[in-house]
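Source file query-v2.cif; content: mmCIF, C-alpha atoms and all ligand atoms.
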data_upload
loop_
_atom_site.label_atom_id
_atom_site.label_comp_id
_atom_site.auth_asym_id
_atom_site.auth_seq_id
_atom_site.Cartn_x
_atom_site.Cartn_y
_atom_site.Cartn_z
CA MET A 1 -40.29 70.30 12.80
CA GLY A 2 -40.06 66.83 14.27
CA HIS A 3 -39.33 65.42 10.82
CA VAL A 4 -36.76 68.12 10.24
CA LEU A 5 -34.94 67.38 13.50
CA GLU A 6 -34.61 63.73 12.49
CA LYS A 7 -33.54 64.39 8.90
CA VAL A 8 -30.98 66.99 9.94
CA LEU A 9 -29.53 64.63 12.54
CA ALA A 10 -29.27 61.79 10.02
CA ASP A 11 -27.84 64.15 7.42
CA ALA A 12 -25.20 65.51 9.80
CA CYS A 13 -24.14 61.92 10.58
CA ALA A 14 -24.00 61.03 6.88
CA ARG A 15 -21.96 64.14 6.07
CA TRP A 16 -19.56 63.45 8.91
CA MET A 17 -19.03 59.87 7.73
CA ARG A 18 -18.35 61.07 4.18
CA LEU A 19 -15.95 63.71 5.47
CA ARG A 20 -13.92 61.16 7.41
CA GLY A 21 -13.60 59.15 4.22
CA ASP A 22 -16.32 56.50 4.43
CA GLU A 23 -18.42 55.47 1.48
CA VAL A 24 -21.93 56.31 2.62
CA ARG A 25 -25.37 55.37 1.45
CA PHE A 26 -28.01 57.52 3.10
CA GLN A 27 -31.60 56.38 2.80
CA THR A 28 -34.76 58.01 4.00
CA GLY A 29 -38.39 57.77 3.03
CA ALA A 30 -42.05 57.93 3.90
CA ASP A 31 -44.38 55.45 5.59
CA GLU A 32 -47.49 55.97 3.49
CA HIS A 33 -49.92 53.23 4.46
CA GLY A 34 -52.41 52.89 7.29
CA VAL A 35 -55.90 53.65 8.46
CA LYS A 36 -55.23 57.35 9.11
CA ILE A 37 -54.19 58.00 5.52
CA GLN A 38 -57.22 56.06 4.34
CA GLN A 39 -59.55 58.17 6.54
CA THR A 40 -57.97 61.49 5.55
CA ALA A 41 -58.27 60.54 1.89
CA ASP A 42 -61.95 59.66 2.37
CA ARG A 43 -62.59 63.04 4.00
CA GLU A 44 -60.88 64.86 1.14
CA LYS A 45 -62.67 62.73 -1.47
CA LEU A 46 -59.37 61.40 -2.81
CA THR A 47 -58.01 57.91 -3.10
CA PRO A 48 -55.23 57.18 -0.57
CA LYS A 49 -52.81 57.02 -3.48
CA GLU A 50 -53.85 60.48 -4.69
CA LEU A 51 -53.42 61.82 -1.17
CA VAL A 52 -49.88 60.51 -0.69
CA ASP A 53 -48.90 61.49 -4.22
CA ARG A 54 -49.97 65.01 -3.36
CA ASN A 55 -48.39 65.22 0.11
CA VAL A 56 -45.16 63.23 -0.04
CA PRO A 57 -43.53 65.47 -2.71
CA LEU A 58 -44.05 68.41 -0.32
CA PHE A 59 -41.85 66.64 2.23
CA GLN A 60 -39.34 65.71 -0.45
CA ASP A 61 -39.21 69.32 -1.55
CA LEU A 62 -38.60 70.48 2.03
CA TYR A 63 -35.79 67.94 2.48
CA THR A 64 -34.20 69.11 -0.77
CA ARG A 65 -34.27 72.71 0.43
CA LEU A 66 -32.84 71.60 3.77
CA GLN A 67 -29.98 70.03 1.79
CA ILE A 68 -30.62 66.59 3.22
CA SER A 69 -28.04 64.60 1.28
CA ALA A 70 -30.02 61.36 1.02
CA ASP A 71 -29.18 58.98 -1.82
CA VAL A 72 -32.51 57.18 -1.79
CA PHE A 73 -36.05 58.11 -0.82
CA VAL A 74 -38.16 55.02 -0.20
CA ARG A 75 -41.94 55.37 -0.49
CA THR A 76 -43.80 52.44 1.05
CA SER A 77 -46.61 52.81 -1.51
CA ASP A 78 -44.10 52.16 -4.30
CA LYS A 79 -45.18 48.83 -5.74
CA LYS A 80 -42.08 48.50 -7.90
CA ALA A 81 -39.30 49.52 -5.54
CA HIS A 82 -40.66 48.63 -2.09
CA TRP A 83 -43.34 45.96 -2.28
CA PRO A 84 -41.31 43.06 -3.78
CA THR A 85 -38.92 43.08 -0.79
CA VAL A 86 -41.80 43.32 1.68
CA ILE A 87 -43.65 40.40 0.11
CA GLU A 88 -40.52 38.23 0.02
CA LEU A 89 -39.74 39.10 3.64
CA TRP A 90 -43.24 38.05 4.67
CA LYS A 91 -42.81 34.72 2.90
CA LYS A 92 -39.47 34.17 4.60
CA LEU A 93 -40.96 34.87 8.01
CA ARG A 94 -43.86 32.54 7.28
CA ASP A 95 -41.53 29.78 6.03
CA ALA A 96 -39.37 30.18 9.14
CA GLY A 97 -42.47 29.50 11.28
CA ALA A 98 -42.35 33.00 12.77
CA LEU A 99 -45.92 33.91 11.75
CA GLN A 100 -49.16 32.46 13.05
CA LYS A 101 -52.81 33.33 12.37
CA ARG A 102 -54.93 33.85 15.46
CA THR A 103 -58.17 35.43 16.57
CA TYR A 104 -57.19 38.46 18.53
CA ALA A 105 -59.14 40.50 21.02
CA GLY A 106 -57.31 43.60 22.11
CA LEU A 107 -57.14 47.34 22.49
CA TYR A 108 -56.39 49.53 19.52
CA CYS A 109 -55.46 53.24 19.58
CA SER A 110 -56.59 54.88 16.36
CA GLY A 111 -54.19 57.77 17.06
CA CYS A 112 -51.14 55.51 17.30
CA GLU A 113 -52.59 53.18 14.66
CA ARG A 114 -51.48 50.20 16.66
CA PHE A 115 -52.60 47.71 19.25
CA VAL A 116 -51.80 48.79 22.78
CA THR A 117 -51.80 46.95 26.09
CA VAL A 118 -53.19 48.04 29.45
CA LYS A 119 -49.57 48.69 30.49
CA ASP A 120 -49.27 51.34 27.75
CA LEU A 121 -52.22 53.35 29.06
CA ALA A 122 -52.39 56.13 31.61
CA ASN A 123 -55.75 56.29 33.44
CA GLY A 124 -57.26 54.20 30.66
CA LEU A 125 -56.15 56.65 27.96
CA CYS A 126 -53.39 56.55 25.37
CA PRO A 127 -50.73 58.83 26.91
CA ASP A 128 -49.90 60.33 23.51
CA HIS A 129 -53.40 60.87 22.16
CA LYS A 130 -55.45 61.25 25.37
CA ILE A 131 -58.18 59.02 23.95
CA PRO A 132 -59.43 55.64 25.16
CA PRO A 133 -58.46 52.72 22.91
CA GLN A 134 -61.16 50.77 21.07
CA GLU A 135 -61.78 47.11 21.87
CA VAL A 136 -61.17 45.16 18.69
CA LYS A 137 -61.72 41.47 17.97
CA GLU A 138 -60.46 40.18 14.65
CA GLU A 139 -58.27 37.67 12.86
CA ASN A 140 -54.61 38.69 12.63
CA TRP A 141 -51.38 37.18 11.58
CA PHE A 142 -48.99 37.35 14.52
CA PHE A 143 -45.22 37.57 14.58
CA LEU A 144 -43.92 35.33 17.35
CA LEU A 145 -41.71 37.90 19.04
CA SER A 146 -41.97 36.29 22.49
CA ALA A 147 -39.81 33.41 21.23
CA GLU A 148 -36.93 35.81 20.58
CA GLN A 149 -36.61 37.25 24.06
CA ARG A 150 -33.33 35.61 25.02
CA TRP A 151 -31.76 36.15 21.64
CA LEU A 152 -32.73 39.83 21.76
CA ALA A 153 -31.29 40.29 25.24
CA HIS A 154 -27.99 38.89 24.02
CA LEU A 155 -28.09 41.04 20.89
CA LEU A 156 -28.79 44.25 22.76
CA GLN A 157 -26.08 43.58 25.31
CA ASN A 158 -23.43 42.64 22.80
CA GLU A 159 -24.02 43.70 19.21
CA TYR A 160 -26.81 46.17 18.60
CA LEU A 161 -25.76 49.46 20.13
CA ILE A 162 -28.51 51.81 21.24
CA ILE A 163 -27.58 55.48 21.61
CA PRO A 164 -28.16 57.23 24.00
CA GLU A 165 -27.39 54.85 26.83
CA PHE A 166 -30.54 55.59 28.85
CA ARG A 167 -32.60 54.36 25.92
CA ALA A 168 -30.56 51.15 25.86
CA LYS A 169 -31.31 50.60 29.55
CA GLU A 170 -34.98 51.37 29.00
CA THR A 171 -35.15 48.82 26.19
CA LEU A 172 -33.48 46.13 28.29
CA MET A 173 -35.95 46.77 31.10
CA LEU A 174 -38.80 46.45 28.65
CA LEU A 175 -37.30 43.19 27.47
CA GLU A 176 -37.02 41.87 31.04
CA SER A 177 -40.70 42.61 31.64
CA GLY A 178 -41.51 40.10 28.90
CA LEU A 179 -42.36 40.34 25.21
CA ALA A 180 -45.75 39.64 23.67
CA ASP A 181 -46.29 38.41 20.11
CA VAL A 182 -47.05 41.22 17.69
CA SER A 183 -50.03 41.67 15.41
CA PHE A 184 -48.61 41.72 11.88
CA SER A 185 -51.73 42.02 9.72
CA ARG A 186 -55.33 43.21 9.88
CA PRO A 187 -58.40 42.11 7.94
CA LYS A 188 -58.87 44.03 4.70
CA SER A 189 -62.21 45.24 6.10
CA SER A 190 -60.34 47.19 8.82
CA LEU A 191 -57.29 48.12 6.79
CA SER A 192 -57.34 48.13 3.00
CA TRP A 193 -54.61 50.70 2.23
CA GLY A 194 -51.46 48.59 2.48
CA VAL A 195 -49.60 45.58 1.14
CA PRO A 196 -51.81 42.45 0.83
CA VAL A 197 -50.55 39.40 2.73
CA PRO A 198 -49.18 36.91 0.18
CA GLY A 199 -51.37 33.81 0.08
CA ASP A 200 -54.05 35.43 2.28
CA GLU A 201 -55.36 38.39 0.32
CA ASP A 202 -58.16 39.12 2.81
CA GLN A 203 -55.46 40.36 5.16
CA THR A 204 -53.40 43.54 4.80
CA MET A 205 -49.94 43.81 6.29
CA TYR A 206 -49.75 45.98 9.30
CA VAL A 207 -47.10 48.69 9.63
CA TRP A 208 -44.21 46.56 10.94
CA CYS A 209 -43.51 44.26 8.04
CA ASP A 210 -44.35 47.04 5.62
CA ALA A 211 -42.62 50.14 6.97
CA LEU A 212 -39.61 48.73 8.85
CA THR A 213 -38.66 46.91 5.67
CA ASN A 214 -37.86 50.21 3.90
CA TYR A 215 -34.30 49.91 5.22
CA ILE A 216 -33.66 46.86 3.09
CA SER A 217 -36.09 47.48 0.23
CA GLY A 218 -33.99 50.56 -0.55
CA LEU A 219 -31.20 48.07 -1.22
CA GLY A 220 -33.44 45.79 -3.30
CA PHE A 221 -33.19 42.88 -0.86
CA PHE A 222 -34.58 39.54 -2.10
CA THR A 223 -34.89 40.87 -5.68
CA ASP A 224 -32.79 40.47 -8.83
CA HIS A 225 -31.26 43.91 -8.24
CA GLU A 226 -30.16 43.27 -4.65
CA ASN A 227 -27.40 45.59 -3.53
CA ALA A 228 -26.72 43.88 -0.23
CA GLN A 229 -23.07 44.75 0.34
CA TRP A 230 -24.05 48.07 1.88
CA TRP A 231 -25.85 46.15 4.58
CA ASN A 232 -23.69 43.07 4.88
CA GLU A 233 -20.25 44.63 4.70
CA GLY A 234 -20.88 48.13 6.01
CA GLU A 235 -21.99 49.51 9.32
CA VAL A 236 -25.72 50.09 9.52
CA THR A 237 -27.05 52.95 11.63
CA HIS A 238 -30.75 53.70 12.00
CA VAL A 239 -31.81 57.17 13.10
CA ILE A 240 -35.32 57.28 14.56
CA GLY A 241 -37.60 59.00 17.09
CA LYS A 242 -38.14 57.82 20.65
CA ASP A 243 -41.81 56.98 19.94
CA ILE A 244 -40.90 54.14 17.60
CA ALA A 245 -37.64 53.16 19.25
CA ARG A 246 -38.73 49.91 20.80
CA PHE A 247 -40.09 48.57 17.53
CA HIS A 248 -36.74 49.22 15.92
CA ALA A 249 -34.90 47.81 18.89
CA LEU A 250 -36.96 44.62 19.29
CA ILE A 251 -39.27 43.70 16.41
CA TRP A 252 -36.99 44.68 13.54
CA PRO A 253 -33.87 42.68 14.48
CA ALA A 254 -36.06 39.66 15.32
CA MET A 255 -37.68 39.92 11.88
CA LEU A 256 -34.29 40.10 10.21
CA LYS A 257 -33.01 37.12 12.16
CA ASN A 258 -35.91 34.99 10.94
CA ALA A 259 -35.15 36.06 7.37
CA ASN A 260 -31.43 35.27 7.78
CA VAL A 261 -30.37 38.90 7.50
CA ARG A 262 -27.92 40.32 10.00
CA PRO A 263 -29.13 42.96 12.48
CA PRO A 264 -28.19 46.65 12.13
CA ASP A 265 -25.16 47.88 14.09
CA ARG A 266 -26.70 50.75 15.93
CA LEU A 267 -29.85 52.65 16.66
CA LEU A 268 -29.61 56.37 17.20
CA ILE A 269 -32.73 57.56 19.00
CA HIS A 270 -33.67 61.21 19.03
CA GLY A 271 -36.13 62.96 21.33
CA PHE A 272 -38.95 65.34 20.54
CA LEU A 273 -39.01 69.05 20.01
CA THR A 274 -41.17 71.28 22.16
CA SER A 275 -42.07 74.85 21.23
CA GLU A 276 -41.43 77.64 23.74
CA GLY A 277 -41.33 74.99 26.48
CA GLU A 278 -44.59 73.28 25.56
CA LYS A 279 -45.59 70.29 23.49
CA MET A 280 -46.12 71.37 19.87
CA SER A 281 -49.75 70.95 18.97
CA LYS A 282 -52.25 72.43 16.58
CA THR A 283 -54.67 73.02 19.48
CA THR A 284 -52.10 75.03 21.45
CA GLY A 285 -51.27 76.88 18.24
CA ASN A 286 -47.53 76.75 18.92
CA VAL A 287 -46.51 74.63 15.94
CA VAL A 288 -43.38 76.04 14.28
CA ALA A 289 -43.30 75.40 10.55
CA PRO A 290 -39.79 74.85 9.15
CA ASP A 291 -40.54 77.34 6.39
CA ASP A 292 -41.18 80.11 8.94
CA VAL A 293 -37.64 79.63 10.22
CA ILE A 294 -36.08 79.17 6.80
CA SER A 295 -37.63 82.35 5.41
CA LYS A 296 -36.37 84.38 8.37
CA TYR A 297 -32.93 82.87 9.04
CA GLY A 298 -32.11 80.50 6.19
CA VAL A 299 -31.48 76.78 5.95
CA ASP A 300 -28.00 76.74 7.49
CA ALA A 301 -29.16 78.56 10.59
CA LEU A 302 -31.99 76.08 11.12
CA ARG A 303 -29.67 73.12 10.68
CA PHE A 304 -27.15 74.72 13.01
CA PHE A 305 -29.75 75.43 15.68
CA LEU A 306 -31.06 71.86 15.71
CA ALA A 307 -27.62 70.29 15.80
CA HIS A 308 -26.23 72.73 18.38
CA GLU A 309 -29.17 72.97 20.74
CA ILE A 310 -30.45 69.46 21.07
CA PRO A 311 -28.18 66.87 22.64
CA VAL A 312 -28.69 63.68 20.62
CA GLY A 313 -31.28 61.54 22.35
CA ASN A 314 -32.78 64.24 24.55
CA ASP A 315 -35.84 66.34 23.99
CA GLY A 316 -35.15 69.88 22.91
CA ASP A 317 -36.97 73.15 22.78
CA PHE A 318 -37.51 75.53 19.91
CA SER A 319 -37.72 79.14 21.05
CA TRP A 320 -37.58 82.14 18.73
CA LYS A 321 -35.71 84.13 21.37
CA ARG A 322 -33.07 81.44 21.80
CA PHE A 323 -32.81 81.03 18.05
CA GLY A 324 -32.12 84.73 17.63
CA GLU A 325 -29.53 84.74 20.42
CA LEU A 326 -27.71 81.74 19.03
CA TYR A 327 -27.80 83.16 15.54
CA ASP A 328 -26.26 86.45 16.68
CA ALA A 329 -23.73 85.00 19.09
CA LYS A 330 -22.44 81.99 17.20
CA MET A 331 -23.22 82.38 13.55
CA ARG A 332 -22.91 86.12 13.05
CA ASN A 333 -20.40 87.20 15.66
CA GLN A 334 -18.11 84.22 15.94
CA LEU A 335 -18.28 82.28 12.70
CA GLY A 336 -19.24 85.24 10.54
CA ASN A 337 -16.41 87.40 11.83
CA LEU A 338 -13.89 84.64 11.45
CA LEU A 339 -14.98 84.04 7.89
CA ASN A 340 -14.83 87.74 7.07
CA ARG A 341 -11.34 88.08 8.46
CA VAL A 342 -10.12 85.07 6.52
CA LEU A 343 -11.60 86.48 3.34
CA VAL A 344 -9.97 89.85 3.94
CA LEU A 345 -6.66 88.14 4.57
CA LEU A 346 -6.95 86.00 1.48
CA LYS A 347 -7.71 89.08 -0.57
CA LYS A 348 -4.75 90.92 0.90
CA GLU A 349 -2.40 88.03 0.22
CA GLY A 350 -3.67 87.58 -3.32
CA GLY A 351 -5.75 84.47 -2.61
CA TYR A 352 -2.83 82.54 -1.20
CA VAL A 353 -1.82 82.19 2.43
CA LYS A 354 1.47 80.68 3.50
CA ILE A 355 1.25 78.34 6.45
CA PRO A 356 4.15 78.85 8.87
CA GLU A 357 5.88 75.67 10.06
CA GLY A 358 6.08 74.65 13.70
CA SER A 359 3.61 77.15 15.11
CA LYS A 360 1.87 76.03 18.27
CA ASP A 361 -1.46 76.74 16.61
CA VAL A 362 -0.79 73.85 14.25
CA SER A 363 -0.69 71.37 17.11
CA ARG A 364 -3.65 73.04 18.80
CA THR A 365 -5.79 72.75 15.69
CA SER A 366 -4.79 69.14 15.30
CA GLU A 367 -5.67 68.39 18.94
CA GLU A 368 -9.01 70.17 18.61
CA TRP A 369 -9.74 68.22 15.46
CA LYS A 370 -9.08 64.91 17.21
CA ALA A 371 -11.43 65.85 20.04
CA PHE A 372 -14.07 66.97 17.56
CA ALA A 373 -13.73 63.76 15.55
CA GLY A 374 -14.06 61.66 18.72
CA LYS A 375 -17.32 63.35 19.61
CA MET A 376 -18.69 63.05 16.09
CA ASP A 377 -17.72 59.37 15.91
CA ALA A 378 -19.68 58.84 19.12
CA PHE A 379 -22.68 60.62 17.51
CA ASP A 380 -22.39 63.34 20.14
CA LEU A 381 -23.14 66.05 17.60
CA ASN A 382 -23.87 68.99 19.83
CA ALA A 383 -20.72 68.35 21.87
CA GLY A 384 -18.82 68.16 18.57
CA ILE A 385 -20.14 71.51 17.43
CA GLN A 386 -19.30 73.06 20.78
CA GLN A 387 -15.80 71.65 20.47
CA ALA A 388 -15.45 73.20 17.02
CA PHE A 389 -16.66 76.54 18.33
CA GLY A 390 -13.99 76.44 21.01
CA LEU A 391 -11.58 76.88 18.13
CA VAL A 392 -13.70 79.49 16.40
CA SER A 393 -14.06 81.52 19.56
CA ALA A 394 -10.34 81.20 20.37
CA SER A 395 -10.02 84.24 18.18
CA PRO A 396 -10.75 87.14 20.49
CA ARG A 397 -11.08 90.47 18.84
CA SER A 398 -8.02 91.94 20.51
CA ALA A 399 -5.28 93.76 18.70
CA ALA A 400 -2.82 91.14 19.93
CA TRP A 401 -4.82 88.32 18.42
CA ARG A 402 -5.25 90.19 15.16
CA SER A 403 -1.55 90.55 14.74
CA HIS A 404 -1.05 86.95 15.79
CA PHE A 405 -3.70 85.94 13.33
CA VAL A 406 -2.00 87.79 10.54
CA MET A 407 1.26 86.14 11.54
CA SER A 408 -0.20 82.65 11.52
CA PRO A 409 -3.05 82.61 9.12
CA PHE A 410 -3.01 78.82 8.72
CA PHE A 411 -5.44 78.73 11.61
CA CYS A 412 -8.38 79.53 9.45
CA CYS A 413 -7.01 77.95 6.35
CA ARG A 414 -7.02 74.66 8.19
CA LEU A 415 -10.69 75.15 8.79
CA SER A 416 -11.40 75.77 5.16
CA GLN A 417 -8.93 73.46 3.48
CA GLY A 418 -10.58 70.09 3.24
CA PRO A 419 -7.81 67.61 2.56
CA ARG A 420 -5.67 68.32 5.62
CA ILE A 421 -8.65 68.06 7.86
CA ARG A 422 -9.80 64.88 6.23
CA SER A 423 -6.48 63.17 6.65
CA ALA A 424 -6.51 64.07 10.31
CA GLY A 425 -9.99 62.71 10.80
CA SER A 426 -10.24 59.70 8.54
CA SER A 427 -10.50 56.29 10.06
CA THR A 428 -11.09 52.84 8.72
CA SER A 429 -14.15 50.77 9.38
CA ARG A 430 -12.07 48.59 11.68
CA THR A 431 -11.12 51.44 13.95
CA ARG A 432 -14.71 52.57 13.93
CA ARG A 433 -15.82 49.13 14.89
CA ARG A 434 -13.41 49.25 17.80
CA CYS A 435 -14.87 52.59 18.77
CA SER A 436 -18.38 51.22 19.06
CA GLU A 437 -17.06 48.15 20.86
CA LYS A 438 -15.44 50.46 23.33
CA ILE A 439 -18.74 52.14 24.06
CA LEU A 440 -20.41 48.77 24.52
CA GLN A 441 -17.68 47.48 26.78
CA SER A 442 -17.72 50.53 28.98
CA ARG A 443 -21.47 50.19 29.33
CA GLN A 444 -21.25 46.57 30.39
CA LYS A 445 -18.91 47.44 33.25
ZN ZN A 501 -52.37 56.73 20.79
#
Let me see the file written as structure tokens.
Amino acid sequence: MGHVLEKVLADACARWMRLRGDEVRFQTGADEHGVKIQQTADREKLTPKELVDRNVPLFQDLYTRLQISADVFVRTSDKKAHWPTVIELWKKLRDAGALQKRTYAGLYCSGCERFVTVKDLANGLCPDHKIPPQEVKEENWFFLLSAEQRWLAHLLQNEYLIIPEFRAKETLMLLESGLADVSFSRPKSSLSWGVPVPGDEDQTMYVWCDALTNYISGLGFFTDHENAQWWNEGEVTHVIGKDIARFHALIWPAMLKNANVRPPDRLLIHGFLTSEGEKMSKTTGNVVAPDDVISKYGVDALRFFLAHEIPVGNDGDFSWKRFGELYDAKMRNQLGNLLNRVLVLLKKEGGYVKIPEGSKDVSRTSEEWKAFAGKMDAFDLNAGIQQAFGLVSASPRSAAWRSHFVMSPFFCCRLSQGPRIRSAGSSTSRTRRRCSEKILQSRQK
């Protein structure tokens, strides 16, 4: 469900941007390398490649059924589409003097598949996996992140917008506490399932240079089929979970800077989903499979629940009871009834409904649309949906309203007729830029 929350959020953003008239390229993908995959494959007597080739299509199939409107699906094990960009990026970082080989002694959490520091631990254990980290001593290539501290502080305060705001503050505090250099490779003996380091084949790239790079490998960066205008001339928004937020906020822009690529414009960080008030885990047995929900309520209801219930950035809870209540109250009673009445009306009028001029409902709908658009532009999806439902629920089932409705049927036609809505909501990239500047400025105050 965690994956689904993220994909639905990204998809809702992409659909909103398309609706307001933007050209949108929506990329997603799978991070397929790492020790965990290697170990699972060993247990199942498969090669890592066989394992990911079996599992990743299951995710792709789920996303297709969820109607995730992605244009590109990047697989990090794809040697043709992904690796060339990764290898070129590594070379650029090396040539810029941003990489250095060192002997490293540190703590490694096999659950997180990354090096951790004492600061990350709670009572000596990884707070996420409740296991002690292993002490590891090995040769690693390091990315010199500590050198970028001042540049990153400036970037985060002025250009790279983190949503929600409390995550931006958290990241700045992390930055103030000082940045350490980051392990960027591991010896092949510890990690063999990954991209080999160019010029040092006994080392395998660690997740950062490999997986973060999917954002630009999907655009063919540093290859003969580079499609860079999406990145260079558009607005770039990354949608990710809170567990990997700081790597996207700090390591990724610093990597791009050293490769002479501009940083993304914003980072939209979502929280986690609990189940019936508790952390979802196989041990607790409270894991909700997306297919359980889809088979009972359908794809639209699941998408609606996630977008309506979970304020972007916060953790949210999945509860069957709440799902049922929301389904009945909003989807069946409010939206369903409205749709039915519009259909009845359309049938009665022979499929054509005349929109009366000058009705006060025209201005109301226009005002509501502006408020909705403002919330969607600010990535405040659940507030946007609630705004839209203000209009849906402004149709009480009284006789007075029914007659009013019949008198001014444009109300619903506006909801269903695309072009008028689009013209009300479209905005240029310049006005959008101003919008994000406004958020930044108000935060600096
Ligand atoms: Zn861990």
For each of A:Cys126, A:Val116, A:Ile68, A:Phe59, take the minimum atom-to-atom distance to ligand ZN 501 (chain A), counting only C-alpha atoms and all ligand atoms, then give the residue where this is smallest.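 When distances to ligand ZN 501 (chain A) are compared using only C-alpha atoms and all ligand atoms, the smallest one comes from A:Cys126.
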Distance cut-off 12 Å, centre (-32.9, 81.6, 20.8) in file coordinates, counting only C-alpha atoms: which residues qualify? Return them as a PyMOL selection string. chain A and resi 275-276+293+297+301-302+304-306+308-309+317-330
Calculated over all atoms listed in the file, which of the candidates A:Ala371, A:Leu19, A:Leu343, A:Cys112 has the smallest distance to ligand ZN 501 (chain A)?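 Closest candidate: A:Cys112.
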Write out as AutoDock Vina command-line options an axis-aligned box for segment 324-327 of chain A: all of its atoms listed in the file, 4 Å added on each side, centre and edge lengths in Å with one decimal.
--center_x -29.9 --center_y 83.2 --center_z 18.0 --size_x 12.4 --size_y 11.0 --size_z 12.9
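Listed by chain and then residue number, the contacts of ligand ZN 501 (chain A) are Tyr108, Cys109, Ser110, Gly111, Cys112, Glu113, Arg114, Phe115, Val116, Asp120, Leu121, Leu125, Cys126, Pro127, Asp128, His129, Lys130, Ile131, Pro132 and Pro133 of chain A (distance at most 10 Å, using only C-alpha atoms and all ligand atoms).
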Quick one: distance from atom CA of Val195 of chain A to atom CA of Met1 of chain A in Å, one decimal? 28.9 Å
Would you please work out which residue, of A:Glu235, A:Gly285, A:Gln39, A:Ile87, is nearest to Gly199 of chain A when using all atoms listed in the file?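 Distance minimum relative to Gly199 of chain A lands on A:Ile87.
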Among listed residues A:Ile163, A:Ala249, A:Leu219, A:Ala105, nearest Gln27 of chain A (using all atoms listed in the file):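 The shortest atom-to-atom distance to Gln27 of chain A comes from A:Leu219.
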What is the distance, in Å and to one decimal place, between atom CA of Pro57 of chain A and atom CA of His82 of chain A? 17.1 Å
Looking at all atoms listed in the file, which of A:His238, A:Arg43, A:Lys169, A:His225 is the one that sits closest to Arg25 of chain A?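 That would be A:His238, the residue with the smallest distance to Arg25 of chain A.
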Find the residue from A:Ala373, A:Asn286, A:Val392, A:Asp224 that sits nearest to Gly336 of chain A; use all atoms listed in the file when measuring.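 Nearest candidate to Gly336 of chain A out of A:Ala373, A:Asn286, A:Val392, A:Asp224: A:Val392.
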Report as a PyMOL selection string all protein, DNA and RNA residues lying within 10 Å of Glu139 of chain A, evaluated on all atoms listed in the file, omitting residues in the same chain fewer than 2 positions from it. chain A and resi 101-105+136-137+141-142+183+185-187+203
For the selection just defined, write its residues with C-alpha atoms to a file, as an mmCIF file, keeping the file's coordinate frame.
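Output (result_34.cif):
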data_model
loop_
_atom_site.group_PDB
_atom_site.id
_atom_site.type_symbol
_atom_site.label_atom_id
_atom_site.label_comp_id
_atom_site.auth_asym_id
_atom_site.auth_seq_id
_atom_site.Cartn_x
_atom_site.Cartn_y
_atom_site.Cartn_z
ATOM 1 C CA LYS A 101 -52.810 33.330 12.370
ATOM 2 C CA ARG A 102 -54.930 33.850 15.460
ATOM 3 C CA THR A 103 -58.170 35.430 16.570
ATOM 4 C CA TYR A 104 -57.190 38.460 18.530
ATOM 5 C CA ALA A 105 -59.140 40.500 21.020
ATOM 6 C CA VAL A 136 -61.170 45.160 18.690
ATOM 7 C CA LYS A 137 -61.720 41.470 17.970
ATOM 8 C CA TRP A 141 -51.380 37.180 11.580
ATOM 9 C CA PHE A 142 -48.990 37.350 14.520
ATOM 10 C CA SER A 183 -50.030 41.670 15.410
ATOM 11 C CA SER A 185 -51.730 42.020 9.720
ATOM 12 C CA ARG A 186 -55.330 43.210 9.880
ATOM 13 C CA PRO A 187 -58.400 42.110 7.940
ATOM 14 C CA GLN A 203 -55.460 40.360 5.160
#
Give me the residues within 12 Å of segment 75-80 of chain A as a compact mmCIF listing (two decimals) with C-alpha atoms, in the frame of the given file, counting only C-alpha atoms and dropping any in the same chain fewer than 5 places off.
# COMPACT_ATOMS: atom_id res chain seq x y z
CA GLN A 27 -31.60 56.38 2.80
CA THR A 28 -34.76 58.01 4.00
CA GLY A 29 -38.39 57.77 3.03
CA ALA A 30 -42.05 57.93 3.90
CA ASP A 31 -44.38 55.45 5.59
CA GLU A 32 -47.49 55.97 3.49
CA HIS A 33 -49.92 53.23 4.46
CA GLY A 34 -52.41 52.89 7.29
CA ILE A 37 -54.19 58.00 5.52
CA PRO A 48 -55.23 57.18 -0.57
CA LYS A 49 -52.81 57.02 -3.48
CA GLU A 50 -53.85 60.48 -4.69
CA LEU A 51 -53.42 61.82 -1.17
CA VAL A 52 -49.88 60.51 -0.69
CA ASP A 53 -48.90 61.49 -4.22
CA ASN A 55 -48.39 65.22 0.11
CA VAL A 56 -45.16 63.23 -0.04
CA PRO A 57 -43.53 65.47 -2.71
CA PHE A 59 -41.85 66.64 2.23
CA GLN A 60 -39.34 65.71 -0.45
CA THR A 85 -38.92 43.08 -0.79
CA VAL A 86 -41.80 43.32 1.68
CA ILE A 87 -43.65 40.40 0.11
CA TRP A 193 -54.61 50.70 2.23
CA GLY A 194 -51.46 48.59 2.48
CA VAL A 195 -49.60 45.58 1.14
CA PRO A 196 -51.81 42.45 0.83
CA MET A 205 -49.94 43.81 6.29
CA VAL A 207 -47.10 48.69 9.63
CA TRP A 208 -44.21 46.56 10.94
CA CYS A 209 -43.51 44.26 8.04
CA ASP A 210 -44.35 47.04 5.62
CA ALA A 211 -42.62 50.14 6.97
CA LEU A 212 -39.61 48.73 8.85
CA THR A 213 -38.66 46.91 5.67
CA ASN A 214 -37.86 50.21 3.90
CA TYR A 215 -34.30 49.91 5.22
CA ILE A 216 -33.66 46.86 3.09
CA SER A 217 -36.09 47.48 0.23
CA GLY A 218 -33.99 50.56 -0.55
CA GLY A 220 -33.44 45.79 -3.30
CA THR A 223 -34.89 40.87 -5.68
CA HIS A 225 -31.26 43.91 -8.24
